[in-house]
Structures are given as C-alpha cells and as structure tokens.
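File shown: start.tsv. Contents: TSV, C-alpha atoms (C1' of nucleotides).
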```tsv
chain	number	residue	atom	x	y	z
S	1	MET	CA	-17.25	15.64	14.98
S	2	ASN	CA	-16.80	13.66	11.82
S	3	ALA	CA	-13.62	12.25	10.32
S	4	VAL	CA	-12.49	9.06	11.95
S	5	GLY	CA	-14.89	9.29	14.82
S	6	THR	CA	-18.12	8.64	12.98
S	7	SER	CA	-16.84	7.23	9.74
S	8	THR	CA	-19.14	5.18	7.61
S	9	ALA	CA	-17.74	2.46	5.41
S	10	ARG	CA	-17.68	4.84	2.43
S	11	ASP	CA	-15.86	7.53	4.36
S	12	GLY	CA	-13.46	4.87	5.54
S	13	ARG	CA	-12.53	3.96	2.02
S	14	ARG	CA	-12.14	7.58	1.07
S	15	ILE	CA	-9.97	8.42	4.03
S	16	ALA	CA	-7.89	5.31	3.57
S	17	ARG	CA	-7.27	6.44	0.01
S	18	LEU	CA	-6.21	9.84	1.22
S	19	PHE	CA	-3.66	8.31	3.55
S	20	HIS	CA	-2.55	5.83	0.95
S	21	ALA	CA	-1.81	8.71	-1.37
S	22	LEU	CA	0.69	9.97	1.18
S	23	ALA	CA	2.12	6.56	2.00
S	24	ASP	CA	4.91	6.77	-0.53
S	25	GLU	CA	8.15	8.68	-0.47
S	26	THR	CA	7.91	9.87	-4.03
S	27	ARG	CA	4.42	11.21	-3.50
S	28	LEU	CA	5.44	12.88	-0.26
S	29	ARG	CA	8.17	14.68	-2.14
S	30	ILE	CA	5.72	15.71	-4.82
S	31	VAL	CA	3.42	17.17	-2.19
S	32	GLU	CA	6.39	18.88	-0.63
S	33	GLN	CA	7.24	20.45	-3.97
S	34	LEU	CA	3.67	21.51	-4.59
S	35	ALA	CA	3.68	23.37	-1.30
S	36	ASP	CA	5.66	26.02	-3.14
S	37	GLY	CA	2.82	26.40	-5.59
S	38	GLU	CA	1.66	25.12	-8.92
S	39	GLN	CA	4.19	23.12	-10.89
S	40	CYS	CA	4.30	21.35	-14.19
S	41	VAL	CA	5.47	17.80	-14.54
S	42	CYS	CA	8.76	18.85	-16.06
S	43	ASP	CA	9.59	20.90	-12.96
S	44	LEU	CA	8.86	17.91	-10.79
S	45	THR	CA	10.88	15.65	-13.02
S	46	ASP	CA	13.85	17.93	-12.51
S	47	ALA	CA	13.33	18.41	-8.80
S	48	LEU	CA	12.81	14.78	-7.95
S	49	GLU	CA	15.07	13.26	-10.57
S	50	ALA	CA	12.40	10.72	-11.33
S	51	GLY	CA	11.40	9.19	-14.63
S	52	GLN	CA	8.51	10.82	-16.41
S	53	SER	CA	6.42	7.67	-16.41
S	54	ARG	CA	6.93	7.12	-12.74
S	55	LEU	CA	6.00	10.68	-11.91
S	56	SER	CA	2.91	10.49	-14.03
S	57	PHE	CA	1.84	7.37	-12.19
S	58	HIS	CA	2.19	8.99	-8.80
S	59	LEU	CA	0.49	12.18	-9.91
S	60	LYS	CA	-2.44	10.13	-11.04
S	61	THR	CA	-2.54	8.42	-7.66
S	62	LEU	CA	-2.59	11.79	-5.90
S	63	LYS	CA	-5.22	13.05	-8.29
S	64	ASP	CA	-7.45	10.02	-7.83
S	65	ALA	CA	-7.23	10.50	-4.09
S	66	GLY	CA	-8.37	14.08	-4.58
S	67	LEU	CA	-5.22	15.64	-3.19
S	68	VAL	CA	-4.21	17.50	-6.33
S	69	THR	CA	-5.79	18.95	-9.44
S	70	ASP	CA	-4.29	19.51	-12.83
S	71	ARG	CA	-4.71	22.23	-15.35
S	72	ARG	CA	-3.46	22.33	-18.89
S	73	GLN	CA	-1.78	25.40	-20.24
S	74	GLY	CA	-0.25	25.13	-23.64
S	75	ARG	CA	1.79	21.98	-23.73
S	76	TRP	CA	2.31	21.87	-20.02
S	77	ILE	CA	0.11	20.48	-17.33
S	78	TYR	CA	0.24	22.17	-13.97
S	79	TYR	CA	-0.48	20.35	-10.75
S	80	THR	CA	-1.72	22.00	-7.57
S	81	LEU	CA	-2.57	20.87	-4.09
S	82	ARG	CA	-6.29	21.00	-3.37
S	83	PRO	CA	-6.72	23.12	-0.24
S	84	ASP	CA	-10.00	21.45	0.69
S	85	ALA	CA	-8.35	18.03	0.60
S	86	VAL	CA	-5.57	19.35	2.83
S	87	ASP	CA	-8.19	20.72	5.19
S	88	GLU	CA	-10.01	17.41	5.27
S	89	LEU	CA	-6.75	15.71	6.07
S	90	ARG	CA	-6.19	18.07	8.96
S	91	ASP	CA	-9.69	17.40	10.24
S	92	VAL	CA	-9.20	13.67	10.07
S	93	VAL	CA	-5.91	13.58	11.93
S	94	GLY	CA	-7.30	16.14	14.32
S	95	ALA	CA	-10.00	13.65	15.21
S	96	ILE	CA	-7.59	10.76	15.66
S	97	GLY	CA	-7.30	9.87	19.28
S	98	ALA	CA	-10.11	12.16	20.31
S	99	PRO	CA	-12.67	10.16	22.26
S	100	ARG	CA	-16.17	10.19	20.87
S	101	GLY	CA	-17.69	11.11	24.18
S	102	ARG	CA	-19.82	8.04	24.67
S	103	GLY	CA	-18.71	8.12	28.25
S	104	LEU	CA	-16.03	5.94	29.69
S	105	ARG	CA	-15.80	2.71	27.82
S	106	ILE	CA	-16.38	-0.29	30.02
S	107	ALA	CA	-14.57	-3.43	29.01
S	108	SER	CA	-17.20	-5.47	27.31
S	109	ARG	CA	-16.61	-9.17	27.47
S	110	CYS	CA	-13.23	-9.97	28.77
S	111	CYS	CA	-10.61	-8.03	30.58
S	112	GLY	CA	-12.67	-7.54	33.72
A	1	MET	CA	9.48	23.68	10.73
A	2	ASN	CA	10.14	20.06	10.08
A	3	ALA	CA	7.75	17.37	8.88
A	4	VAL	CA	7.22	17.36	5.15
A	5	GLY	CA	8.88	20.66	4.54
A	6	THR	CA	12.44	19.72	5.30
A	7	SER	CA	12.22	15.97	5.22
A	8	THR	CA	15.32	13.94	4.72
A	9	ALA	CA	15.13	10.58	3.02
A	10	ARG	CA	14.96	8.83	6.39
A	11	ASP	CA	12.16	11.04	7.62
A	12	GLY	CA	10.41	10.40	4.35
A	13	ARG	CA	10.44	6.69	4.91
A	14	ARG	CA	9.23	7.09	8.45
A	15	ILE	CA	6.42	9.43	7.54
A	16	ALA	CA	5.40	7.26	4.63
A	17	ARG	CA	5.14	4.37	7.08
A	18	LEU	CA	2.98	6.43	9.36
A	19	PHE	CA	0.60	7.22	6.55
A	20	HIS	CA	0.69	3.67	5.31
A	21	ALA	CA	-0.42	2.52	8.73
A	22	LEU	CA	-3.57	4.59	8.29
A	23	ALA	CA	-4.10	3.64	4.66
A	24	ASP	CA	-6.37	0.73	5.44
A	25	GLU	CA	-10.01	0.62	6.50
A	26	THR	CA	-9.50	-2.03	9.14
A	27	ARG	CA	-6.66	-0.09	10.73
A	28	LEU	CA	-8.64	3.12	10.62
A	29	ARG	CA	-11.40	1.39	12.53
A	30	ILE	CA	-8.91	0.07	15.04
A	31	VAL	CA	-7.59	3.56	15.61
A	32	GLU	CA	-11.15	4.80	15.92
A	33	GLN	CA	-11.82	2.19	18.59
A	34	LEU	CA	-8.63	3.00	20.44
A	35	ALA	CA	-9.69	6.62	20.65
A	36	ASP	CA	-11.99	5.46	23.45
A	37	GLY	CA	-8.98	4.16	25.33
A	38	GLU	CA	-6.99	1.03	25.87
A	39	GLN	CA	-8.50	-2.15	24.48
A	40	CYS	CA	-7.55	-5.78	24.31
A	41	VAL	CA	-7.62	-7.72	21.09
A	42	CYS	CA	-10.78	-9.56	22.07
A	43	ASP	CA	-12.65	-6.28	22.40
A	44	LEU	CA	-11.50	-5.24	18.97
A	45	THR	CA	-12.39	-8.62	17.52
A	46	ASP	CA	-15.93	-8.11	18.77
A	47	ALA	CA	-16.20	-4.51	17.72
A	48	LEU	CA	-14.82	-4.98	14.23
A	49	GLU	CA	-16.09	-8.49	13.60
A	50	ALA	CA	-12.73	-9.37	12.14
A	51	GLY	CA	-10.81	-12.59	12.38
A	52	GLN	CA	-8.22	-12.81	15.14
A	53	SER	CA	-5.36	-13.43	12.76
A	54	ARG	CA	-6.29	-10.51	10.58
A	55	LEU	CA	-6.58	-8.19	13.55
A	56	SER	CA	-3.26	-9.32	14.90
A	57	PHE	CA	-1.66	-8.56	11.56
A	58	HIS	CA	-3.03	-5.03	11.46
A	59	LEU	CA	-2.15	-4.37	15.06
A	60	LYS	CA	1.40	-5.35	14.29
A	61	THR	CA	1.41	-2.99	11.36
A	62	LEU	CA	0.22	-0.15	13.56
A	63	LYS	CA	2.76	-1.07	16.19
A	64	ASP	CA	5.63	-1.23	13.72
A	65	ALA	CA	4.65	2.21	12.51
A	66	GLY	CA	4.83	3.44	16.08
A	67	LEU	CA	1.18	4.42	16.28
A	68	VAL	CA	0.24	2.07	19.08
A	69	THR	CA	1.84	0.27	22.00
A	70	ASP	CA	0.84	-2.93	23.66
A	71	ARG	CA	0.91	-4.04	27.25
A	72	ARG	CA	0.33	-7.49	28.59
A	73	GLN	CA	-1.90	-8.04	31.59
A	74	GLY	CA	-2.65	-11.58	32.49
A	75	ARG	CA	-3.65	-13.37	29.35
A	76	TRP	CA	-4.81	-10.27	27.59
A	77	ILE	CA	-2.83	-7.77	25.62
A	78	TYR	CA	-3.99	-4.19	25.65
A	79	TYR	CA	-3.35	-1.79	22.82
A	80	THR	CA	-3.17	1.97	23.15
A	81	LEU	CA	-2.65	4.89	20.82
A	82	ARG	CA	0.72	6.57	21.27
A	83	PRO	CA	0.02	10.25	21.89
A	84	ASP	CA	3.42	11.32	20.60
A	85	ALA	CA	2.81	9.53	17.31
A	86	VAL	CA	-0.55	11.25	17.00
A	87	ASP	CA	1.16	14.56	17.66
A	88	GLU	CA	3.77	13.86	15.04
A	89	LEU	CA	1.01	13.05	12.60
A	90	ARG	CA	-0.65	16.35	13.34
A	91	ASP	CA	2.62	18.18	12.83
A	92	VAL	CA	3.19	16.48	9.51
A	93	VAL	CA	-0.22	17.20	8.05
A	94	GLY	CA	-0.02	20.65	9.53
A	95	ALA	CA	3.04	21.24	7.40
A	96	ILE	CA	1.46	19.89	4.24
A	97	GLY	CA	0.82	22.65	1.81
A	98	ALA	CA	2.67	25.21	3.87
A	99	PRO	CA	5.27	26.91	1.67
A	100	ARG	CA	8.82	26.67	2.87
A	101	GLY	CA	9.40	30.37	2.56
A	102	ARG	CA	12.16	30.28	-0.01
A	103	GLY	CA	10.46	33.15	-1.64
A	104	LEU	CA	8.29	32.97	-4.68
A	105	ARG	CA	9.22	30.01	-6.77
A	106	ILE	CA	10.22	30.94	-10.27
A	107	ALA	CA	9.47	28.37	-12.89
A	108	SER	CA	12.83	26.86	-13.58
A	109	ARG	CA	13.22	25.45	-17.02
A	110	CYS	CA	9.99	25.36	-18.86
A	111	CYS	CA	6.65	26.94	-18.41
A	112	GLY	CA	7.82	30.50	-19.07
Q	1	DA	C1'	2.16	19.31	-42.65
Q	2	DC	C1'	6.03	17.97	-39.98
Q	3	DG	C1'	8.98	17.35	-36.18
Q	4	DA	C1'	9.83	18.35	-31.43
Q	5	DC	C1'	8.24	18.49	-26.95
Q	6	DC	C1'	5.17	17.43	-22.79
Q	7	DC	C1'	2.60	14.17	-20.83
Q	8	DA	C1'	-0.68	9.99	-20.14
Q	9	DT	C1'	-1.35	5.25	-20.71
Q	10	DC	C1'	-0.36	0.49	-21.60
Q	11	DG	C1'	1.96	-4.09	-20.88
Q	12	DA	C1'	5.08	-6.72	-18.42
Q	13	DC	C1'	7.39	-7.69	-14.51
Q	14	DC	C1'	8.68	-7.84	-9.61
Q	15	DA	C1'	7.72	-6.50	-4.82
Q	16	DA	C1'	4.74	-5.56	-1.15
Q	17	DT	C1'	0.44	-6.19	1.14
Q	18	DC	C1'	-3.73	-8.55	2.77
Q	19	DT	C1'	-6.41	-12.63	3.93
Q	20	DT	C1'	-7.16	-17.14	5.76
Q	21	DG	C1'	-6.30	-21.36	8.09
Q	22	DA	C1'	-3.01	-23.90	10.81
Q	23	DT	C1'	0.13	-23.98	14.36
Q	24	DA	C1'	2.83	-22.44	18.26
Q	25	DC	C1'	3.34	-19.56	22.43
Q	26	DC	C1'	2.23	-18.00	26.97
Q	27	DG	C1'	-0.76	-17.24	31.10
Q	28	DT	C1'	-4.29	-19.07	33.99
Q	29	DG	C1'	-6.96	-22.32	36.68
Q	30	DC	C1'	-7.63	-26.85	38.05
J	1	DG	C1'	1.07	-31.39	34.72
J	2	DC	C1'	-2.93	-30.64	31.77
J	3	DA	C1'	-6.50	-28.36	29.34
J	4	DC	C1'	-8.03	-23.99	27.84
J	5	DG	C1'	-8.32	-19.29	26.35
J	6	DG	C1'	-6.01	-15.19	24.24
J	7	DT	C1'	-2.64	-13.83	20.94
J	8	DA	C1'	1.24	-14.06	17.79
J	9	DT	C1'	3.27	-16.11	13.86
J	10	DC	C1'	3.81	-18.86	9.83
J	11	DA	C1'	2.79	-20.56	5.11
J	12	DA	C1'	0.25	-20.11	0.87
J	13	DG	C1'	-2.59	-17.78	-2.27
J	14	DA	C1'	-4.89	-13.65	-4.08
J	15	DT	C1'	-4.71	-8.84	-4.75
J	16	DT	C1'	-2.72	-4.56	-5.16
J	17	DG	C1'	1.19	-1.40	-5.91
J	18	DG	C1'	5.40	0.42	-8.11
J	19	DT	C1'	8.90	0.57	-11.90
J	20	DC	C1'	10.36	0.59	-16.56
J	21	DG	C1'	10.22	0.87	-21.49
J	22	DA	C1'	7.38	1.66	-25.36
J	23	DT	C1'	3.64	3.82	-27.57
J	24	DG	C1'	0.27	7.40	-28.50
J	25	DG	C1'	-2.25	11.80	-28.16
J	26	DG	C1'	-2.11	16.92	-27.71
J	27	DT	C1'	0.24	21.29	-28.60
J	28	DC	C1'	3.56	24.37	-30.44
J	29	DG	C1'	6.92	26.32	-33.88
J	30	DT	C1'	8.21	26.39	-38.45
```

Take the structure in the file and write it out as structure tokens.
Amino acid sequence: MNAVGTSTARDGRRIARLFHALADETRLRIVEQLADGEQCVCDLTDALEAGQSRLSFHLKTLKDAGLVTDRRQGRWIYYTLRPDAVDELRDVVGAIGAPRGRGLRIASRCCG
Amino acid sequence: MNAVGTSTARDGRRIARLFHALADETRLRIVEQLADGEQCVCDLTDALEAGQSRLSFHLKTLKDAGLVTDRRQGRWIYYTLRPDAVDELRDVVGAIGAPRGRGLRIASRCCG
DNA sequence: ACGACCCATCGACCAATCTTGATACCGTGC
DNA sequence: GCACGGTATCAAGATTGGTCGATGGGTCGT
C-alpha cells in the first residue's frame, strides 16, 4: 500500500533515483551481470568491454541509488546487487497502475 | 525468461527508455494519478499544480516510452496507462537479480 | 621501498534533459 | 467566421548526465 500510491515528495525523489539508475544500457548490463553473483570491476570490464573509468562512474551511480553494495577484498572491489533494493523495486512497479481505492474518480473540473 | 536476463542491445535501449520514463518525480506523479483511471491534461494540471507546457512535455515522454496512450474526445485529450507496458515493466523487474542459470559463475581472470 | 595492478576521482567536453514563455493547432459554441 | 478553451510544439536557457584521459590512493609481490 505504499510505493507509488502514497508517495511523499521524499519517496518520489528516492524512487525516481532508483529508476534513473536503471535508465541506462550500460547500467542495465551491469545489473544483468550481477545477477550471476558478486563480481569485481575487472570482471565487468571484461564482460562489458567498457573503459574502467566509465564502469566506475556507472557503478557509483548504481551505488548511490542503493541498488548495489561494494566490498573490498585485497586489491579487488566486489559489487553485489542489494536484495532489499530489488524488492523495493518490485513493490514499486507492483503498485504502478493499481488504483488507490478512493472509489471511482469523478472528473473534477472539465471533461463532464 | 526474457527481460534483463537475455536482453539484446535493442531490448536494452527499449527497457532503458521505460525506466527513464519513470525516472522523474513529475512523471511518477502522473503515473500515480493515472492509476485511478483515464484523465485529461486539465485534471492533471490541477492535481499536480504543474504548468501546462511542462505537463505536456512529460506526457509526451511517457507516451514515447509506450507507458501511456492518449485519446481525443471533444477538446480534451485523455491519457491512460497501457496495461501491457505495465506488465512488461513487472516482467523486467521480476527478472532483475534472477540468475540466468548458466551454473555457478567462476571468477574469470582475476579475483582467484 | 618499489613497481605493478585495481580502482576511484577529477577536469573538460559534448549530449541529453528539463523548464518556461511564446506561439500555433484544433474543437467547440456563438 | 470569430473568439475561446484545451493541448501540442517550438525556441532558448539552465541543469544534469555520460565519456574520456589523466591523476592519485590502496594493496600486493618482491
């Protein structure tokens, strides 16, 4: 009963950021890769054939949106999808298009 | 078994556009409003207290992404959520984080 | 301590996006 | 036909986003 339906302005910004994080082909491919599990940047660099700087930029975007976390191990940094963020995403899109049950909406001013 | 998991480049662009359409507070609020059913621009203008030009811009963005359709009736234009687009969205986020079943991924080059 | 490697961050640049005000378009009613 | 209301579209400016190359900070092996 939350998500889009009852979003406050703050939630709106947060959710918009979530979607923005996925609104880029490179980042979609990163997420796709991370579905297979934790990966370090060098793996992603290989898989996506993207420059290291570019990848780092997008990983930061995903991280700022809360979609991934990173963990350092030795000289590598591993990135993982955050399950709770994925869940939230599912909740939000699950709520899209679901009426908020305020009863049938009557056209307010025009359109009569 | 499609969505993010097996996305081609074309799908990627399309899905990125879908997410981009939702990556904006104003558009999220529009979608939220449309959950209650068909609405004309004047209703949305009232509900969101947004300028007509701005609203029109965002509605076009949503329409280009395939998330809404419009229908003219008299001098008003009604916008509606496209159920199939909402379904596609659900499929896509449903696939996010779901491993593609290629077996356990072995770290390829580094990270051993 | 040094060099090699992994990665983040910065600066500069170009492209895309958003906002606003002005204008044009299309129905409607007179 | 004319005026008006609802909406799209255009032009211009501000903001944000993405790419690239260079630089710098950790970490490891020697």

* Distance of atom CA of A:Val68 from atom CA of A:Thr80, expressed in Å to one decimal place ->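 Spanning atom CA of A:Thr80 to atom CA of A:Val68 is a straight-line distance of 5.3 Å.
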
Rotate and translate chain A onto chain S via least squares on all in-order Cα pairs, then write the result as a short mmCIF file (atom, residue, chain, number, x, y, z; two decimals) with C-alpha atoms, in the coordinates of the input.
```
data_model
loop_
_atom_site.label_atom_id
_atom_site.label_comp_id
_atom_site.auth_asym_id
_atom_site.auth_seq_id
_atom_site.Cartn_x
_atom_site.Cartn_y
_atom_site.Cartn_z
CA MET A 1 -17.36 15.74 14.76
CA ASN A 2 -16.89 13.63 11.72
CA ALA A 3 -13.68 12.21 10.27
CA VAL A 4 -12.52 9.05 11.95
CA GLY A 5 -14.88 9.29 14.85
CA THR A 6 -18.13 8.64 13.07
CA SER A 7 -16.88 7.22 9.82
CA THR A 8 -19.18 5.17 7.69
CA ALA A 9 -17.78 2.45 5.48
CA ARG A 10 -17.74 4.83 2.51
CA ASP A 11 -15.91 7.51 4.43
CA GLY A 12 -13.50 4.85 5.57
CA ARG A 13 -12.62 3.95 2.04
CA ARG A 14 -12.21 7.57 1.08
CA ILE A 15 -10.03 8.40 4.04
CA ALA A 16 -7.96 5.29 3.54
CA ARG A 17 -7.36 6.45 -0.03
CA LEU A 18 -6.28 9.83 1.20
CA PHE A 19 -3.75 8.29 3.52
CA HIS A 20 -2.65 5.83 0.89
CA ALA A 21 -1.89 8.73 -1.40
CA LEU A 22 0.61 9.98 1.17
CA ALA A 23 2.01 6.55 1.98
CA ASP A 24 4.81 6.77 -0.54
CA GLU A 25 8.09 8.66 -0.45
CA THR A 26 7.87 9.87 -4.02
CA ARG A 27 4.37 11.23 -3.48
CA LEU A 28 5.39 12.88 -0.25
CA ARG A 29 8.14 14.67 -2.12
CA ILE A 30 5.70 15.72 -4.80
CA VAL A 31 3.40 17.17 -2.18
CA GLU A 32 6.37 18.89 -0.59
CA GLN A 33 7.25 20.45 -3.94
CA LEU A 34 3.68 21.53 -4.57
CA ALA A 35 3.66 23.36 -1.27
CA ASP A 36 5.66 26.03 -3.09
CA GLY A 37 2.84 26.39 -5.58
CA GLU A 38 1.71 25.15 -8.93
CA GLN A 39 4.25 23.14 -10.89
CA CYS A 40 4.37 21.36 -14.20
CA VAL A 41 5.53 17.80 -14.52
CA CYS A 42 8.84 18.84 -16.02
CA ASP A 43 9.66 20.88 -12.93
CA LEU A 44 8.90 17.91 -10.74
CA THR A 45 10.91 15.60 -12.96
CA ASP A 46 13.90 17.87 -12.42
CA ALA A 47 13.37 18.36 -8.73
CA LEU A 48 12.80 14.72 -7.89
CA GLU A 49 15.07 13.19 -10.51
CA ALA A 50 12.39 10.65 -11.25
CA GLY A 51 11.40 9.13 -14.54
CA GLN A 52 8.53 10.79 -16.38
CA SER A 53 6.41 7.66 -16.40
CA ARG A 54 6.88 7.08 -12.72
CA LEU A 55 6.00 10.66 -11.89
CA SER A 56 2.93 10.53 -14.05
CA PHE A 57 1.80 7.42 -12.22
CA HIS A 58 2.15 9.03 -8.81
CA LEU A 59 0.50 12.23 -9.92
CA LYS A 60 -2.45 10.21 -11.08
CA THR A 61 -2.59 8.49 -7.73
CA LEU A 62 -2.62 11.83 -5.95
CA LYS A 63 -5.24 13.12 -8.34
CA ASP A 64 -7.47 10.09 -7.92
CA ALA A 65 -7.27 10.58 -4.18
CA GLY A 66 -8.40 14.16 -4.66
CA LEU A 67 -5.25 15.70 -3.24
CA VAL A 68 -4.22 17.55 -6.36
CA THR A 69 -5.76 19.03 -9.49
CA ASP A 70 -4.23 19.57 -12.86
CA ARG A 71 -4.63 22.31 -15.40
CA ARG A 72 -3.38 22.36 -18.93
CA GLN A 73 -1.65 25.42 -20.31
CA GLY A 74 -0.14 25.10 -23.71
CA ARG A 75 1.85 21.92 -23.77
CA TRP A 76 2.42 21.84 -20.06
CA ILE A 77 0.21 20.49 -17.35
CA TYR A 78 0.33 22.18 -13.99
CA TYR A 79 -0.43 20.40 -10.76
CA THR A 80 -1.68 22.05 -7.60
CA LEU A 81 -2.56 20.94 -4.10
CA ARG A 82 -6.28 21.05 -3.40
CA PRO A 83 -6.73 23.17 -0.28
CA ASP A 84 -10.01 21.50 0.63
CA ALA A 85 -8.36 18.08 0.56
CA VAL A 86 -5.60 19.37 2.81
CA ASP A 87 -8.23 20.73 5.16
CA GLU A 88 -10.05 17.43 5.21
CA LEU A 89 -6.79 15.72 6.02
CA ARG A 90 -6.24 18.07 8.91
CA ASP A 91 -9.75 17.41 10.18
CA VAL A 92 -9.24 13.68 10.00
CA VAL A 93 -5.95 13.58 11.86
CA GLY A 94 -7.34 16.14 14.25
CA ALA A 95 -10.02 13.64 15.15
CA ILE A 96 -7.60 10.76 15.59
CA GLY A 97 -7.31 9.82 19.19
CA ALA A 98 -10.12 12.10 20.25
CA PRO A 99 -12.66 10.08 22.25
CA ARG A 100 -16.16 10.08 20.90
CA GLY A 101 -17.66 11.04 24.21
CA ARG A 102 -19.80 7.98 24.75
CA GLY A 103 -18.68 8.07 28.29
CA LEU A 104 -16.04 5.90 29.82
CA ARG A 105 -15.75 2.69 27.93
CA ILE A 106 -16.33 -0.34 30.08
CA ALA A 107 -14.46 -3.42 29.06
CA SER A 108 -17.11 -5.51 27.43
CA ARG A 109 -16.49 -9.19 27.59
CA CYS A 110 -13.08 -9.98 28.86
CA CYS A 111 -10.43 -8.07 30.65
CA GLY A 112 -12.39 -7.64 33.89
#
```

* Interface, chain A side, toward chain J (8 Å; only C-alpha atoms (C1' of nucleotides)) as an MDAnalysis selection string -> chainID A and resid 41:42 56 75:77

* Asked: When you draw a straight line from atom CA of A:Gly51 to atom CA of A:Ile30, how long is it in Å?
  -> 13.1 Å

* Identify, on the basis of all atoms listed in the file, every residue whose closest approach to S:Gly97 does not exceed 10 Å; exclude the query and any residue fewer than 3 positions from it along the same chain; express the result as an NGL selection string. => (:S and (4-5 or 93-94 or 100)) or (:A and (31-37 or 80-83 or 86-87))

* Between atom CA of A:Arg17 and atom CA of A:Tyr79, what is the spacing in Å? ->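 About the pair atom CA of A:Tyr79 and atom CA of A:Arg17: they are 18.9 Å apart.
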
Between chain Q and chain S, at 12 Å or less, what are the per-residue closest atom pairs and their distances in Å? Count only C-alpha atoms (C1' of nucleotides), order by chain and rising residue number, and return it as CSV.
```
residue,atom,partner,partner_atom,distance
Q:DA4,C1',S:Arg75,CA,11.7
Q:DC5,C1',S:Arg75,CA,8.0
Q:DC6,C1',S:Arg75,CA,5.7
Q:DC7,C1',S:Ile77,CA,7.6
Q:DA8,C1',S:Ser56,CA,7.1
Q:DT9,C1',S:Ser53,CA,9.2
Q:DC10,C1',S:Ser53,CA,11.2
```

Could the residues in this selection be saved with C-alpha atoms (C1' of nucleotides) as a compact mmCIF listing (two decimals), keeping the file's coordinate frame?
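Saved to part_9.txt:
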```
# COMPACT_ATOMS: atom_id res chain seq x y z
C1' DA Q 4 9.83 18.35 -31.43
C1' DC Q 5 8.24 18.49 -26.95
C1' DC Q 6 5.17 17.43 -22.79
C1' DC Q 7 2.60 14.17 -20.83
C1' DA Q 8 -0.68 9.99 -20.14
C1' DT Q 9 -1.35 5.25 -20.71
C1' DC Q 10 -0.36 0.49 -21.60
```

* Quick one: of S:Asp70, S:Glu49, S:Asp91, S:Asp64, who's nearest to chain A, counting all atoms listed in the file? ->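 Answer, going by the shortest atom-to-atom distance: S:Asp91.
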